[in-house]
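K.L.:
Okay, here's the structure, questions in a sec.
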Amino acid sequence: MGTSIFIIDQERTFADALAVRLEAEDDVEVVVAVHREGAAPSLIVGRFADLVLLDADLPGDAAVDLCEELSARDEAPRVIMLSRGLDPGRIADSVRSGAAAWVSKGESLDHLLRVIRGVMAGEMWLPLAEMGAVFRSLLTVRGQPTESDQLLAALTPREREVLACLADGAGRREVAERLNLSANTVRTHLKNLMAKLGVHSTLEAVALTRPRSGQFVAVRDRG
């Protein structure tokens, strides 16, 4: 049986077209496409769907609130946010609420399918181009920042990108390929970021990215 998908989108034409295209895949089953905010009770979504494609552009905080509610359930469906924009703050809010991915509505169907299959395999997908800004937003919390937050905030955007790749399980060679850097440049970034964080290994550095929720922004953007 394929992955059952529930689409919640305020753009009826987009939702219907996406449902038709996804249904053509052998390993995907679209349970229902909903066109309006609030028209799909979260109980129904959680009961019948493995994965929810959720319109991140719903008015106000509706998308984040629904994602948080779904993610808190036992056997919760995975959630992929779909949006026409790339707002780092909204992406960060989605990650905090439990979303596993953020995908632009302008991406190809092939890209979306790669994300869906990756998310169902336990991966997280975020736009690499926005990763630095998303990382900074994730480190900005209400109240007093933790010691780990303060240390991570001292990293440069490129050092954060390197650290994000490491937390995603990438080795140094893959980090270099993913960020289009030389091996020597990656080595330099690693040396600098470990010095700033006061750690002696990449494992210790990665551990600092998981102080609050146990989640980390695993960045993949291969489309």
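By convention here, the chains of the structure tokens are called A, B, ... in the order presented, each chain's residues are numbered starting at 1, and ligands are numbered starting at 1 in the order presented.
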Show me, as a VMD selection string, the residues that have an atom within 7 Å of segment 87-104 of chain A when counting only C-alpha atoms, minus same-chain residues fewer than 4 positions from it.
P.N.:
chain A and resid 64 67 to 68 71 78 to 83 119 124 to 126 130 133 to 134 137 to 138
K.L.:
Please produce an output containing N, CA and C atoms for each residue in the selection, written as a compact mmCIF listing (two decimals), in the first residue's frame.
P.N.:
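Output saved as selection_37.txt:
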# COMPACT_ATOMS: atom_id res chain seq x y z
N VAL A 64 0.50 26.77 11.08
CA VAL A 64 1.39 26.38 12.17
C VAL A 64 0.60 25.72 13.30
N CYS A 67 -0.44 22.23 12.23
CA CYS A 67 0.74 21.36 12.20
C CYS A 67 1.13 20.94 13.61
N GLU A 68 1.10 21.88 14.53
CA GLU A 68 1.46 21.57 15.92
C GLU A 68 0.47 20.58 16.53
N SER A 71 1.11 17.11 14.94
CA SER A 71 2.40 16.54 15.35
C SER A 71 2.38 16.05 16.79
N ARG A 78 3.16 12.77 9.12
CA ARG A 78 4.21 13.73 8.82
C ARG A 78 3.60 14.89 8.05
N VAL A 79 4.19 16.07 8.22
CA VAL A 79 3.63 17.27 7.60
C VAL A 79 4.67 17.94 6.71
N ILE A 80 4.28 18.22 5.47
CA ILE A 80 5.10 19.00 4.56
C ILE A 80 4.37 20.30 4.27
N MET A 81 5.03 21.41 4.51
CA MET A 81 4.46 22.71 4.24
C MET A 81 4.68 23.09 2.77
N LEU A 82 3.63 23.55 2.11
CA LEU A 82 3.72 24.05 0.75
C LEU A 82 3.45 25.55 0.76
N SER A 83 4.27 26.32 0.07
CA SER A 83 4.12 27.77 0.11
C SER A 83 4.57 28.40 -1.19
N VAL A 119 10.85 12.31 3.35
CA VAL A 119 10.19 12.54 4.63
C VAL A 119 9.63 11.23 5.19
N MET A 124 14.31 15.24 6.91
CA MET A 124 13.72 16.57 6.90
C MET A 124 14.30 17.32 5.71
N TRP A 125 13.49 18.13 5.06
CA TRP A 125 13.91 18.87 3.87
C TRP A 125 13.59 20.34 4.03
N LEU A 126 14.61 21.18 3.89
CA LEU A 126 14.42 22.62 3.93
C LEU A 126 15.21 23.26 2.79
N GLU A 130 17.89 29.25 2.11
CA GLU A 130 17.37 29.99 3.26
C GLU A 130 17.85 29.42 4.59
N ALA A 133 19.37 31.79 7.40
CA ALA A 133 18.37 32.66 8.03
C ALA A 133 17.41 31.85 8.89
N VAL A 134 17.06 30.65 8.42
CA VAL A 134 16.17 29.78 9.21
C VAL A 134 16.86 29.39 10.51
N SER A 137 16.69 32.15 12.94
CA SER A 137 15.34 32.27 13.49
C SER A 137 15.09 31.20 14.54
N LEU A 138 15.58 30.00 14.29
CA LEU A 138 15.39 28.92 15.25
C LEU A 138 16.12 29.19 16.56
K.L.:
Using backbone DSSP assignments, extract all strand (DSSP E) residues from segment 17-132 of chain A; output them as a PyMOL selection string.
P.N.:
chain A and resi 28-34+51-55+78-83+101-104
K.L.:
Just C-alpha atoms for this one: save the residues we selected as a tab-separated table (two decimals), in the first residue's frame.
P.N.:
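The resulting file, out.tsv, is reproduced below:
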chain	number	residue	atom	x	y	z
A	28	VAL	CA	0.99	7.41	-3.48
A	29	GLU	CA	-2.68	7.50	-2.58
A	30	VAL	CA	-4.43	10.85	-2.15
A	31	VAL	CA	-7.06	10.49	0.55
A	32	VAL	CA	-8.67	13.87	-0.02
A	33	ALA	CA	-7.88	17.39	-1.15
A	34	VAL	CA	-9.45	20.10	1.00
A	51	LEU	CA	1.39	12.50	5.38
A	52	VAL	CA	-0.24	15.92	5.12
A	53	LEU	CA	0.59	18.49	2.44
A	54	LEU	CA	-0.39	21.67	4.23
A	55	ASP	CA	-0.76	25.14	2.74
A	78	ARG	CA	4.21	13.73	8.82
A	79	VAL	CA	3.63	17.27	7.60
A	80	ILE	CA	5.10	19.00	4.56
A	81	MET	CA	4.46	22.71	4.24
A	82	LEU	CA	3.72	24.05	0.75
A	83	SER	CA	4.12	27.77	0.11
A	101	ALA	CA	9.71	19.88	5.19
A	102	TRP	CA	9.05	23.16	3.43
A	103	VAL	CA	8.58	23.07	-0.34
A	104	SER	CA	7.85	25.90	-2.74
K.L.:
Excluding same-chain residues fewer than 5 positions from segment 174-189 of chain A, what lies within 10 Å of it counting only C-alpha atoms, as a PyMOL selection string?
P.N.:
chain A and resi 128+155-156+158-166+168-169+194-195+219-222
K.L.:
Could you state the separation of atom CA of Leu22 of chain A and atom CA of Leu109 of chain A in Å, given to one decimal place?
P.N.:
8.2 Å
K.L.:
Could you check how far atom CA of Leu203 of chain A sits from atom CA of Ala76 of chain A, in Å to one decimal?
P.N.:
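Answer for the atom CA of Leu203 of chain A to atom CA of Ala76 of chain A separation: 29.3 Å.
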K.L.:
Point out the residue among A:Ile5, A:Arg12, A:Ala62, A:Glu69 with the least atom-to-atom distance to Leu113 of chain A, counting only C-alpha atoms.
P.N.:
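For Leu113 of chain A, the nearest of the candidates is A:Ile5.
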K.L.:
Which of these, A:Lys105, A:Pro157, A:Arg73, A:Ser201, has the shortest distance to Ala17 of chain A once you count only C-alpha atoms?
P.N.:
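The shortest atom-to-atom distance to Ala17 of chain A comes from A:Lys105.
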K.L.:
As an exercise, work out the distance from atom CA of Asp57 of chain A to atom CA of Asp16 of chain A in Å and give it to one decimal place.
P.N.:
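Calculated distance between atom CA of Asp57 of chain A and atom CA of Asp16 of chain A is 16.9 Å.
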